[in-house]
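Have a look at entry_33.cif; it's mmCIF, C-alpha atoms:
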```cif
data_model
loop_
_atom_site.label_atom_id
_atom_site.label_comp_id
_atom_site.auth_asym_id
_atom_site.auth_seq_id
_atom_site.Cartn_x
_atom_site.Cartn_y
_atom_site.Cartn_z
CA MET A 1 128.90 82.49 25.27
CA LYS A 2 131.25 79.84 23.89
CA ASP A 3 132.87 79.58 27.29
CA PHE A 4 129.40 78.93 28.85
CA TRP A 5 128.76 75.79 26.80
CA ASP A 6 132.26 74.59 27.36
CA LYS A 7 131.66 74.35 31.08
CA ARG A 8 131.18 70.72 32.25
CA TRP A 9 128.44 71.41 34.86
CA VAL A 10 126.17 73.03 32.28
CA ILE A 11 126.27 69.92 30.13
CA ARG A 12 125.46 67.75 33.16
CA ILE A 13 122.38 69.83 34.06
CA ILE A 14 121.09 69.74 30.52
CA SER A 15 121.58 65.94 30.36
CA LEU A 16 119.70 65.50 33.63
CA LEU A 17 116.73 67.54 32.36
CA PHE A 18 116.57 65.48 29.18
CA ALA A 19 116.62 62.26 31.24
CA ILE A 20 113.74 63.46 33.47
CA LEU A 21 111.66 64.46 30.45
CA LEU A 22 112.28 61.08 28.84
CA VAL A 23 111.14 59.18 31.97
CA VAL A 24 107.96 61.26 32.25
CA TYR A 25 107.15 60.64 28.60
CA ILE A 26 107.63 56.87 28.91
CA ASP A 27 105.50 56.71 32.09
CA SER A 28 102.67 58.61 30.54
CA THR A 29 102.52 56.30 27.52
CA GLN A 30 102.45 53.03 29.50
CA THR A 31 98.84 51.65 29.63
CA GLY A 32 97.60 50.37 32.99
CA PHE A 33 100.43 52.03 34.91
CA VAL A 34 99.38 53.97 38.02
CA THR A 35 101.12 54.78 41.24
CA GLN A 36 100.02 53.34 44.58
CA GLY A 37 98.42 56.63 45.54
CA GLU A 38 96.50 56.80 42.27
CA SER A 39 95.21 53.22 42.80
CA LYS A 40 93.65 54.15 46.11
CA LYS A 41 92.14 57.26 44.62
CA THR A 42 90.61 55.28 41.75
CA GLN A 43 89.10 52.77 44.18
CA GLN A 44 87.52 55.52 46.29
CA THR A 45 85.97 57.30 43.33
CA ALA A 46 84.64 54.17 41.54
CA ASN A 47 80.85 54.31 41.15
CA GLU A 48 78.47 51.67 42.54
CA THR A 49 74.72 51.06 42.35
CA GLN A 50 72.64 49.30 45.04
CA THR A 51 68.88 48.84 45.52
CA ILE A 52 67.36 48.47 48.99
CA SER A 53 63.83 48.31 50.45
CA VAL A 54 62.96 50.87 53.12
CA PRO A 55 59.76 51.51 55.13
CA LEU A 56 57.44 54.14 53.71
CA GLN A 57 56.49 56.66 56.40
CA VAL A 58 53.36 58.82 56.33
CA SER A 59 53.18 62.40 57.54
CA VAL A 60 49.58 63.09 58.53
CA ASN A 61 47.49 64.16 61.52
CA THR A 62 46.75 60.68 62.90
CA ASP A 63 44.32 62.08 65.50
CA LYS A 64 41.93 63.16 62.76
CA TYR A 65 42.71 61.08 59.69
CA TYR A 66 43.27 57.46 58.73
CA VAL A 67 45.19 56.57 55.55
CA VAL A 68 44.93 53.33 53.56
CA GLY A 69 46.19 52.10 50.21
CA TYR A 70 49.92 52.86 50.39
CA PRO A 71 52.62 50.11 50.39
CA GLU A 72 54.56 49.32 53.56
CA LYS A 73 57.91 49.61 51.75
CA VAL A 74 59.44 51.19 48.62
CA LYS A 75 62.65 50.39 46.74
CA ILE A 76 65.39 53.00 46.47
CA THR A 77 68.28 52.62 44.03
CA LEU A 78 71.42 54.52 45.14
CA GLU A 79 74.27 55.48 42.85
CA GLY A 80 77.57 57.11 43.80
CA SER A 81 81.04 56.36 45.04
CA ASN A 82 81.66 52.88 46.35
CA ALA A 83 82.44 54.04 49.89
CA LEU A 84 79.51 56.44 50.12
CA VAL A 85 76.93 53.95 48.78
CA THR A 86 78.16 51.20 51.12
CA SER A 87 78.07 53.52 54.13
CA THR A 88 74.56 54.74 53.29
CA VAL A 89 73.20 51.21 52.83
CA ASN A 90 74.71 50.03 56.13
CA THR A 91 73.51 52.96 58.25
CA GLN A 92 70.22 53.74 56.42
CA SER A 93 70.24 57.18 58.01
CA PHE A 94 67.60 58.44 55.59
CA ARG A 95 63.87 57.91 55.22
CA ALA A 96 61.24 57.66 52.49
CA TYR A 97 57.92 59.36 53.17
CA ILE A 98 54.74 60.83 51.74
CA ASP A 99 53.56 64.18 53.05
CA LEU A 100 49.78 64.33 53.51
CA THR A 101 49.64 67.19 55.99
CA HIS A 102 48.00 69.54 53.49
CA LYS A 103 46.09 66.98 51.41
CA LYS A 104 42.31 66.80 51.24
CA ILE A 105 40.08 63.88 52.24
CA GLY A 106 39.58 61.28 49.53
CA LYS A 107 41.56 59.21 47.03
CA GLN A 108 44.61 60.76 45.40
CA THR A 109 48.09 60.11 44.03
CA VAL A 110 51.07 61.51 45.96
CA LYS A 111 54.80 61.66 45.32
CA VAL A 112 57.22 59.60 47.40
CA GLU A 113 60.02 61.75 48.79
CA VAL A 114 63.38 61.00 50.41
CA THR A 115 65.22 63.00 53.05
CA GLY A 116 68.57 62.52 54.78
CA LEU A 117 70.56 61.32 51.74
CA ASN A 118 74.04 62.70 50.98
CA SER A 119 73.89 65.28 48.18
CA GLN A 120 76.69 63.44 46.34
CA LEU A 121 74.40 60.43 45.81
CA SER A 122 71.86 60.12 43.03
CA TYR A 123 68.78 57.96 43.55
CA THR A 124 65.55 56.67 42.05
CA ILE A 125 62.40 55.53 43.90
CA ASN A 126 60.14 52.65 42.92
CA PRO A 127 57.27 53.37 42.97
CA ALA A 128 57.81 57.10 42.54
CA THR A 129 54.14 57.80 43.39
CA VAL A 130 51.51 55.92 45.42
CA ASN A 131 47.72 55.94 45.59
CA VAL A 132 46.25 56.72 49.00
CA ASP A 133 42.79 57.14 50.49
CA ILE A 134 42.56 59.73 53.27
CA GLU A 135 39.49 59.36 55.48
CA ARG A 136 38.18 60.63 58.77
CA ARG A 137 39.40 58.56 61.70
CA LYS A 138 36.91 56.74 63.96
CA SER A 139 37.17 54.50 67.02
CA ARG A 140 34.65 52.12 68.64
CA THR A 141 34.63 49.80 71.62
CA MET A 142 33.14 46.42 70.70
CA PRO A 143 32.62 43.03 72.40
CA VAL A 144 34.56 40.00 71.20
CA GLN A 145 32.68 36.99 69.80
CA ILE A 146 34.25 33.52 69.82
CA GLU A 147 33.79 30.93 67.06
CA TYR A 148 34.86 27.25 66.97
CA ASN A 149 33.95 23.98 65.25
CA LYS A 150 31.72 21.93 67.58
CA ASN A 151 32.25 18.84 65.42
CA ALA A 152 35.93 18.80 66.43
CA VAL A 153 34.98 17.88 70.03
CA ALA A 154 35.14 14.14 70.75
CA ASN A 155 31.85 12.26 70.73
CA GLY A 156 29.97 12.35 74.02
CA TYR A 157 31.90 15.23 75.55
CA ASN A 158 30.08 18.22 76.96
CA ILE A 159 31.00 21.69 75.66
CA GLY A 160 30.90 24.44 78.26
CA THR A 161 30.57 28.19 77.78
CA ALA A 162 33.46 29.68 75.82
CA SER A 163 35.09 32.84 77.16
CA VAL A 164 37.61 35.48 76.04
CA ASP A 165 39.88 37.84 77.93
CA PRO A 166 39.52 40.77 77.47
CA GLN A 167 35.86 40.74 76.55
CA GLN A 168 35.92 44.13 74.79
CA VAL A 169 38.45 45.79 72.47
CA GLU A 170 38.89 49.16 70.77
CA VAL A 171 38.65 49.27 66.97
CA THR A 172 40.15 52.17 64.99
CA GLY A 173 40.21 52.94 61.28
CA ALA A 174 38.62 54.85 58.45
CA ARG A 175 35.09 55.92 59.29
CA SER A 176 33.63 54.06 56.29
CA GLU A 177 35.30 50.80 57.40
CA ILE A 178 34.41 51.11 61.08
CA ASN A 179 30.76 51.75 60.24
CA GLN A 180 30.62 48.42 58.36
CA ILE A 181 31.92 46.30 61.25
CA ASP A 182 29.31 43.81 62.44
CA GLN A 183 31.44 41.88 64.93
CA ILE A 184 34.96 41.30 66.25
CA VAL A 185 35.68 37.59 66.04
CA ALA A 186 38.16 35.30 67.79
CA LYS A 187 38.25 32.09 65.75
CA LEU A 188 39.46 29.31 68.04
CA PRO A 189 41.03 26.41 66.08
CA LEU A 190 40.21 23.13 67.84
CA PRO A 191 42.24 19.95 67.22
CA ASN A 192 40.05 17.18 65.83
CA GLY A 193 38.73 14.80 68.53
CA ILE A 194 39.68 17.07 71.43
CA ASN A 195 38.45 15.78 74.81
CA HIS A 196 39.83 18.27 77.34
CA ASP A 197 39.70 21.95 78.23
CA TYR A 198 41.34 24.12 75.54
CA GLU A 199 42.94 27.55 75.83
CA ARG A 200 44.85 29.60 73.27
CA GLN A 201 45.86 33.15 72.29
CA VAL A 202 43.81 34.06 69.21
CA ILE A 203 44.20 36.88 66.66
CA LEU A 204 41.08 39.07 66.33
CA ILE A 205 39.33 39.82 63.03
CA ALA A 206 36.85 42.58 62.19
CA GLU A 207 34.02 41.30 59.97
CA ASP A 208 31.00 42.82 58.25
CA LYS A 209 27.55 41.20 58.12
CA LYS A 210 28.62 38.95 55.21
CA GLY A 211 31.66 37.67 57.07
CA ARG A 212 34.16 39.66 55.02
CA GLN A 213 37.27 40.87 56.81
CA LEU A 214 37.62 44.63 57.14
CA ASN A 215 40.69 46.85 57.40
CA ALA A 216 40.84 48.11 60.98
CA VAL A 217 43.32 48.37 63.84
CA ILE A 218 42.18 46.31 66.84
CA ASN A 219 43.65 47.01 70.28
CA PRO A 220 44.59 44.60 71.71
CA SER A 221 45.02 42.53 68.54
CA THR A 222 44.76 39.17 70.37
CA VAL A 223 42.73 37.70 73.23
CA LYS A 224 42.99 34.60 75.38
CA ALA A 225 40.17 32.27 74.35
CA SER A 226 39.08 29.39 76.60
CA LEU A 227 36.70 26.49 75.95
CA PRO A 228 35.79 24.07 78.78
CA ILE A 229 35.28 20.48 77.59
CA SER A 230 34.14 17.91 80.12
CA LEU A 231 32.11 14.78 80.78
CA PHE A 232 29.03 14.32 82.96
CA LYS A 233 28.67 10.96 84.69
CA LYS A 234 25.77 8.79 85.78
CA LYS A 235 25.43 5.37 87.41
CA VAL A 236 22.96 2.96 85.81
CA LYS A 237 21.85 -0.63 86.42
CA LEU A 238 22.85 -3.44 84.08
CA ASN A 239 20.10 -5.29 82.23
CA LEU A 240 21.37 -8.77 81.31
CA LYS A 241 19.78 -10.17 78.13
CA PRO A 242 20.66 -13.83 77.48
CA LYS A 243 20.45 -15.11 73.89
CA ASN A 244 21.09 -18.35 71.98
CA GLU A 245 19.86 -20.58 74.84
CA LYS A 246 19.33 -24.29 74.21
CA ASN A 247 15.86 -25.71 74.84
CA ASN A 248 17.14 -28.55 76.99
CA LYS A 249 19.13 -26.27 79.26
CA VAL A 250 18.23 -23.94 82.10
CA TYR A 251 20.50 -20.88 82.51
CA SER A 252 21.09 -18.51 85.40
CA VAL A 253 23.17 -15.37 84.65
CA THR A 254 24.45 -13.00 87.32
CA ALA A 255 26.75 -9.96 86.95
CA LYS A 256 29.52 -9.47 89.48
CA ASN A 257 28.65 -5.73 89.53
CA ASP A 258 25.05 -4.87 88.85
CA GLU A 259 25.72 -1.22 87.92
CA VAL A 260 28.29 0.83 85.94
CA THR A 261 29.19 4.52 85.47
CA LEU A 262 28.50 6.20 82.14
CA TYR A 263 30.31 9.37 80.99
CA GLY A 264 28.94 11.69 78.35
CA GLN A 265 26.73 14.66 77.56
CA LYS A 266 24.22 15.64 80.19
CA GLU A 267 21.25 15.48 77.82
CA THR A 268 22.24 12.02 76.59
CA LEU A 269 22.76 10.54 80.04
CA ALA A 270 19.40 11.84 81.23
CA LYS A 271 17.63 9.59 78.71
CA ILE A 272 19.45 6.39 79.73
CA LYS A 273 17.75 4.40 82.54
CA GLN A 274 19.74 1.16 82.26
CA LEU A 275 22.49 -0.41 80.15
CA ASP A 276 21.58 -3.55 78.22
CA VAL A 277 24.17 -6.35 78.10
CA ASP A 278 23.76 -9.13 75.54
CA VAL A 279 24.93 -12.41 77.12
CA ASP A 280 25.65 -14.86 74.30
CA LEU A 281 25.15 -18.43 75.61
CA LYS A 282 26.01 -20.15 72.34
CA GLY A 283 28.32 -23.11 72.96
CA ILE A 284 28.04 -22.89 76.75
CA SER A 285 26.92 -26.26 78.15
CA TYR A 286 28.32 -26.07 81.67
CA SER A 287 28.59 -23.49 84.42
CA THR A 288 31.31 -20.88 83.85
CA VAL A 289 32.38 -17.25 84.35
CA LYS A 290 32.96 -14.97 81.34
CA ASN A 291 33.81 -11.33 80.66
CA TYR A 292 31.52 -9.43 78.31
CA PRO A 293 32.44 -6.03 76.78
CA LEU A 294 29.92 -3.23 77.34
CA VAL A 295 28.55 -1.53 74.23
CA LEU A 296 28.37 2.28 74.50
CA PRO A 297 25.04 3.91 73.65
CA LYS A 298 25.16 6.74 71.10
CA GLY A 299 26.39 9.96 72.68
CA VAL A 300 28.21 8.20 75.56
CA ALA A 301 31.98 8.78 75.63
CA ARG A 302 33.03 5.93 77.93
CA VAL A 303 31.90 3.50 80.60
CA ASP A 304 33.59 2.32 83.78
CA PRO A 305 34.29 -0.58 83.92
CA GLU A 306 34.56 -1.38 80.20
CA ASN A 307 33.82 -5.08 80.74
CA VAL A 308 31.48 -6.91 83.07
CA GLN A 309 32.14 -10.31 84.65
CA ILE A 310 29.09 -12.59 84.42
CA SER A 311 28.60 -15.90 86.21
CA ILE A 312 26.65 -18.43 84.11
CA LYS A 313 25.06 -21.48 85.69
CA VAL A 314 23.77 -24.27 83.45
CA LYS A 315 21.38 -27.15 84.31
CA ASN A 316 19.61 -29.74 82.25
CA ALA A 317 15.94 -28.98 81.76
CA ASN A 318 14.81 -32.48 82.84
CA ASN A 319 16.45 -31.98 86.22
#
```

Can you present the structure in this file as structure tokens?
Amino acid sequence: MKDFWDKRWVIRIISLLFAILLVVYIDSTQTGFVTQGESKKTQQTANETQTISVPLQVSVNTDKYYVVGYPEKVKITLEGSNALVTSTVNTQSFRAYIDLTHKKIGKQTVKVEVTGLNSQLSYTINPATVNVDIERRKSRTMPVQIEYNKNAVANGYNIGTASVDPQQVEVTGARSEINQIDQIVAKLPLPNGINHDYERQVILIAEDKKGRQLNAVINPSTVKASLPISLFKKKVKLNLKPKNEKNNKVYSVTAKNDEVTLYGQKETLAKIKQLDVDVDLKGISYSTVKNYPLVLPKGVARVDPENVQISIKVKNANN
């Protein structure tokens, strides 16, 4: 046994073992010291939390039932490893839904469920439950009514018959809502002072008898609304009316054109037989030619020409 310890190679092996043990001890006591491989492993297993909004899907027999009351989206908070949470958020290969396939008609509270998530992730849903109203489904075909502000049309312009395309639409929703619909309305917004034909794509609204908007699906949801805006025209004679004549003068007034064209509403033009023109002779003591602006009667949009050229001849009364 004494010869065994005297051997040089035995001492070397024992020294090497002590050195290895000493290195391991020192490494294990150093705070913050990890190998490159351990650093990657720590990064992969670090936990992360993220909250995202996802659409809320509804499982129900849509041919028979119509569901209202639930939110379009819910918030889901995911918690798990950094890599797994990031991958799930980017791909969103899961869905949030409520299952109403075996629920009864009426108002009730149902649980929001999630499917397609990795089992290594934990999650919470906000809201966890939603209130829904399940009703019998109903569809109707209804004509489209058009509404617009007549006061927006420029003065004197004639408003034609408004039209929509298509003229009828299909309305679908809960039976209680569909039964309340009084009309489907296309509200055409007219620019103030408009004086030309107007056409625009308009969103449709379902209203009850009190004008309140109802919850219904309208197909199609928009229509093309058209409103013709035009002017009627009529030629009338000019009626020259001199004023402010001097007693010692004799005047003769003659218009270059004895008639003009008026543009406006048909009903207004029908009442006008002639257009009066006030010829102011104040300060005129010799023969001359002057232009006088034409004053538009109420309800007339414009006149052509806008001015009339009048020849004025002046003589002394004693001549």

Query raised in the report: Could you state the separation of CA of Lys273 in chain A and CA of Glu245 in chain A in Å, given to one decimal place?
Result: 26.2 Å

Requested in this report: For CA of Thr161 in chain A and CA of Lys266 in chain A, quote the distance in Å rounded to one decimal.
Outcome: 14.3 Å

Mind telling me what the PyMOL selection byres ((chain A and resi 165-178) around 7) catches here, as a PDB file with C-alpha atoms, in the frame of the given file?
```pdb
ATOM      1  CA  TYR A  66      43.270  57.460  58.730  1.00  0.00           C
ATOM      2  CA  GLU A 135      39.490  59.360  55.480  1.00  0.00           C
ATOM      3  CA  ARG A 136      38.180  60.630  58.770  1.00  0.00           C
ATOM      4  CA  ARG A 137      39.400  58.560  61.700  1.00  0.00           C
ATOM      5  CA  LYS A 138      36.910  56.740  63.960  1.00  0.00           C
ATOM      6  CA  SER A 139      37.170  54.500  67.020  1.00  0.00           C
ATOM      7  CA  ARG A 140      34.650  52.120  68.640  1.00  0.00           C
ATOM      8  CA  THR A 141      34.630  49.800  71.620  1.00  0.00           C
ATOM      9  CA  MET A 142      33.140  46.420  70.700  1.00  0.00           C
ATOM     10  CA  PRO A 143      32.620  43.030  72.400  1.00  0.00           C
ATOM     11  CA  VAL A 144      34.560  40.000  71.200  1.00  0.00           C
ATOM     12  CA  SER A 163      35.090  32.840  77.160  1.00  0.00           C
ATOM     13  CA  VAL A 164      37.610  35.480  76.040  1.00  0.00           C
ATOM     14  CA  ASN A 179      30.760  51.750  60.240  1.00  0.00           C
ATOM     15  CA  GLN A 180      30.620  48.420  58.360  1.00  0.00           C
ATOM     16  CA  ILE A 181      31.920  46.300  61.250  1.00  0.00           C
ATOM     17  CA  LEU A 214      37.620  44.630  57.140  1.00  0.00           C
ATOM     18  CA  ASN A 215      40.690  46.850  57.400  1.00  0.00           C
ATOM     19  CA  ALA A 216      40.840  48.110  60.980  1.00  0.00           C
ATOM     20  CA  VAL A 217      43.320  48.370  63.840  1.00  0.00           C
ATOM     21  CA  ILE A 218      42.180  46.310  66.840  1.00  0.00           C
ATOM     22  CA  ASN A 219      43.650  47.010  70.280  1.00  0.00           C
ATOM     23  CA  PRO A 220      44.590  44.600  71.710  1.00  0.00           C
ATOM     24  CA  VAL A 223      42.730  37.700  73.230  1.00  0.00           C
ATOM     25  CA  LYS A 224      42.990  34.600  75.380  1.00  0.00           C
ATOM     26  CA  ALA A 225      40.170  32.270  74.350  1.00  0.00           C
TER      27      ALA A 225
END
```

List every residue of range 98-142 of chain A that has an atom at most 12 Å from any atom of range 44-60 of chain A, and for each one report the closest atom pair and its distance in Å to one decimal, counting all atoms listed in the file, with rows sorted by chain and then by increasing residue number, as a Markdown table.
```
| residue | atom | partner | partner_atom | distance |
| --- | --- | --- | --- | --- |
| A:Ile98 | CA | A:Val58 | CA | 5.2 |
| A:Asp99 | CA | A:Ser59 | CA | 4.8 |
| A:Leu100 | CA | A:Val60 | CA | 5.2 |
| A:Thr101 | CA | A:Val60 | CA | 4.8 |
| A:His102 | CA | A:Val60 | CA | 8.3 |
| A:Lys103 | CA | A:Val60 | CA | 8.8 |
| A:Lys104 | CA | A:Val60 | CA | 10.9 |
| A:Ile105 | CA | A:Val60 | CA | 11.4 |
| A:Val110 | CA | A:Val58 | CA | 11.0 |
| A:Lys111 | CA | A:Val58 | CA | 11.5 |
| A:Val112 | CA | A:Leu56 | CA | 8.3 |
| A:Glu113 | CA | A:Leu56 | CA | 9.4 |
| A:Val114 | CA | A:Leu56 | CA | 9.7 |
| A:Thr115 | CA | A:Gln57 | CA | 11.3 |
| A:Gln120 | CA | A:Asn47 | CA | 11.3 |
| A:Leu121 | CA | A:Thr49 | CA | 10.0 |
| A:Ser122 | CA | A:Thr49 | CA | 9.5 |
| A:Tyr123 | CA | A:Thr49 | CA | 9.2 |
| A:Thr124 | CA | A:Thr51 | CA | 9.2 |
| A:Ile125 | CA | A:Thr51 | CA | 9.5 |
| A:Asn126 | CA | A:Ser53 | CA | 9.4 |
| A:Pro127 | CA | A:Leu56 | CA | 10.8 |
| A:Ala128 | CA | A:Leu56 | CA | 11.6 |
| A:Thr129 | CA | A:Leu56 | CA | 11.4 |
| A:Val130 | CA | A:Leu56 | CA | 10.3 |
| A:Val132 | CA | A:Val58 | CA | 10.4 |
| A:Ile134 | CA | A:Val60 | CA | 9.4 |
| A:Glu135 | CA | A:Val60 | CA | 11.2 |
| A:Arg136 | CA | A:Val60 | CA | 11.7 |
| A:Arg137 | CA | A:Val60 | CA | 11.6 |
```

Output for the residues just chosen: C-alpha atoms as a PDB file, in the coordinates of the input:
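part-v6.pdb was written with the following content:
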```pdb
ATOM      1  CA  ILE A  98      54.740  60.830  51.740  1.00  0.00           C
ATOM      2  CA  ASP A  99      53.560  64.180  53.050  1.00  0.00           C
ATOM      3  CA  LEU A 100      49.780  64.330  53.510  1.00  0.00           C
ATOM      4  CA  THR A 101      49.640  67.190  55.990  1.00  0.00           C
ATOM      5  CA  HIS A 102      48.000  69.540  53.490  1.00  0.00           C
ATOM      6  CA  LYS A 103      46.090  66.980  51.410  1.00  0.00           C
ATOM      7  CA  LYS A 104      42.310  66.800  51.240  1.00  0.00           C
ATOM      8  CA  ILE A 105      40.080  63.880  52.240  1.00  0.00           C
ATOM      9  CA  VAL A 110      51.070  61.510  45.960  1.00  0.00           C
ATOM     10  CA  LYS A 111      54.800  61.660  45.320  1.00  0.00           C
ATOM     11  CA  VAL A 112      57.220  59.600  47.400  1.00  0.00           C
ATOM     12  CA  GLU A 113      60.020  61.750  48.790  1.00  0.00           C
ATOM     13  CA  VAL A 114      63.380  61.000  50.410  1.00  0.00           C
ATOM     14  CA  THR A 115      65.220  63.000  53.050  1.00  0.00           C
ATOM     15  CA  GLN A 120      76.690  63.440  46.340  1.00  0.00           C
ATOM     16  CA  LEU A 121      74.400  60.430  45.810  1.00  0.00           C
ATOM     17  CA  SER A 122      71.860  60.120  43.030  1.00  0.00           C
ATOM     18  CA  TYR A 123      68.780  57.960  43.550  1.00  0.00           C
ATOM     19  CA  THR A 124      65.550  56.670  42.050  1.00  0.00           C
ATOM     20  CA  ILE A 125      62.400  55.530  43.900  1.00  0.00           C
ATOM     21  CA  ASN A 126      60.140  52.650  42.920  1.00  0.00           C
ATOM     22  CA  PRO A 127      57.270  53.370  42.970  1.00  0.00           C
ATOM     23  CA  ALA A 128      57.810  57.100  42.540  1.00  0.00           C
ATOM     24  CA  THR A 129      54.140  57.800  43.390  1.00  0.00           C
ATOM     25  CA  VAL A 130      51.510  55.920  45.420  1.00  0.00           C
ATOM     26  CA  VAL A 132      46.250  56.720  49.000  1.00  0.00           C
ATOM     27  CA  ILE A 134      42.560  59.730  53.270  1.00  0.00           C
ATOM     28  CA  GLU A 135      39.490  59.360  55.480  1.00  0.00           C
ATOM     29  CA  ARG A 136      38.180  60.630  58.770  1.00  0.00           C
ATOM     30  CA  ARG A 137      39.400  58.560  61.700  1.00  0.00           C
TER      31      ARG A 137
END
```

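Here CA of Leu117 in chain A stands at a distance of 12.9 Å from CA of Tyr97 in chain A.
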
Reconstruct N, CA, C and O atoms of range 50-66 of chain A from the incomplete input and present them as a compact mmCIF listing (two decimals), in the frame of the given file.
```
# COMPACT_ATOMS: atom_id res chain seq x y z
N GLN A 50 73.29 50.30 44.18
CA GLN A 50 72.64 49.30 45.04
C GLN A 50 71.17 49.68 45.22
O GLN A 50 70.83 50.87 45.30
N THR A 51 70.32 48.64 45.30
CA THR A 51 68.88 48.84 45.52
C THR A 51 68.49 48.22 46.85
O THR A 51 68.80 47.05 47.11
N ILE A 52 67.80 48.97 47.69
CA ILE A 52 67.36 48.47 48.99
C ILE A 52 65.89 48.83 49.21
O ILE A 52 65.38 49.77 48.60
N SER A 53 65.22 48.04 50.07
CA SER A 53 63.83 48.31 50.45
C SER A 53 63.81 49.03 51.79
O SER A 53 64.49 48.60 52.73
N VAL A 54 63.04 50.10 51.87
CA VAL A 54 62.96 50.87 53.12
C VAL A 54 61.49 51.10 53.46
O VAL A 54 60.63 51.15 52.57
N PRO A 55 61.16 51.24 54.74
CA PRO A 55 59.76 51.51 55.13
C PRO A 55 59.29 52.86 54.57
O PRO A 55 60.07 53.81 54.50
N LEU A 56 58.03 52.89 54.19
CA LEU A 56 57.44 54.14 53.71
C LEU A 56 56.67 54.77 54.87
O LEU A 56 55.68 54.22 55.36
N GLN A 57 57.12 55.96 55.30
CA GLN A 57 56.49 56.66 56.40
C GLN A 57 55.45 57.65 55.86
O GLN A 57 55.54 58.11 54.73
N VAL A 58 54.45 57.94 56.73
CA VAL A 58 53.36 58.82 56.33
C VAL A 58 53.29 59.99 57.29
O VAL A 58 53.19 59.81 58.51
N SER A 59 53.34 61.19 56.74
CA SER A 59 53.18 62.40 57.54
C SER A 59 51.74 62.87 57.43
O SER A 59 51.30 63.34 56.38
N VAL A 60 50.98 62.71 58.52
CA VAL A 60 49.58 63.09 58.53
C VAL A 60 49.12 63.26 59.97
O VAL A 60 49.76 62.71 60.90
N ASN A 61 48.06 63.98 60.19
CA ASN A 61 47.49 64.16 61.52
C ASN A 61 46.70 62.89 61.87
O ASN A 61 45.54 62.72 61.49
N THR A 62 47.36 61.98 62.60
CA THR A 62 46.75 60.68 62.90
C THR A 62 45.59 60.78 63.89
O THR A 62 44.82 59.83 64.04
N ASP A 63 45.45 61.91 64.59
CA ASP A 63 44.32 62.08 65.50
C ASP A 63 43.01 62.32 64.75
O ASP A 63 41.93 62.03 65.26
N LYS A 64 43.13 62.83 63.53
CA LYS A 64 41.93 63.16 62.76
C LYS A 64 41.72 62.26 61.54
O LYS A 64 40.59 62.01 61.14
N TYR A 65 42.82 61.78 60.97
CA TYR A 65 42.71 61.08 59.69
C TYR A 65 43.30 59.68 59.76
O TYR A 65 44.17 59.38 60.57
N TYR A 66 42.80 58.84 58.86
CA TYR A 66 43.27 57.46 58.73
C TYR A 66 43.56 57.23 57.25
O TYR A 66 42.71 57.51 56.39
```
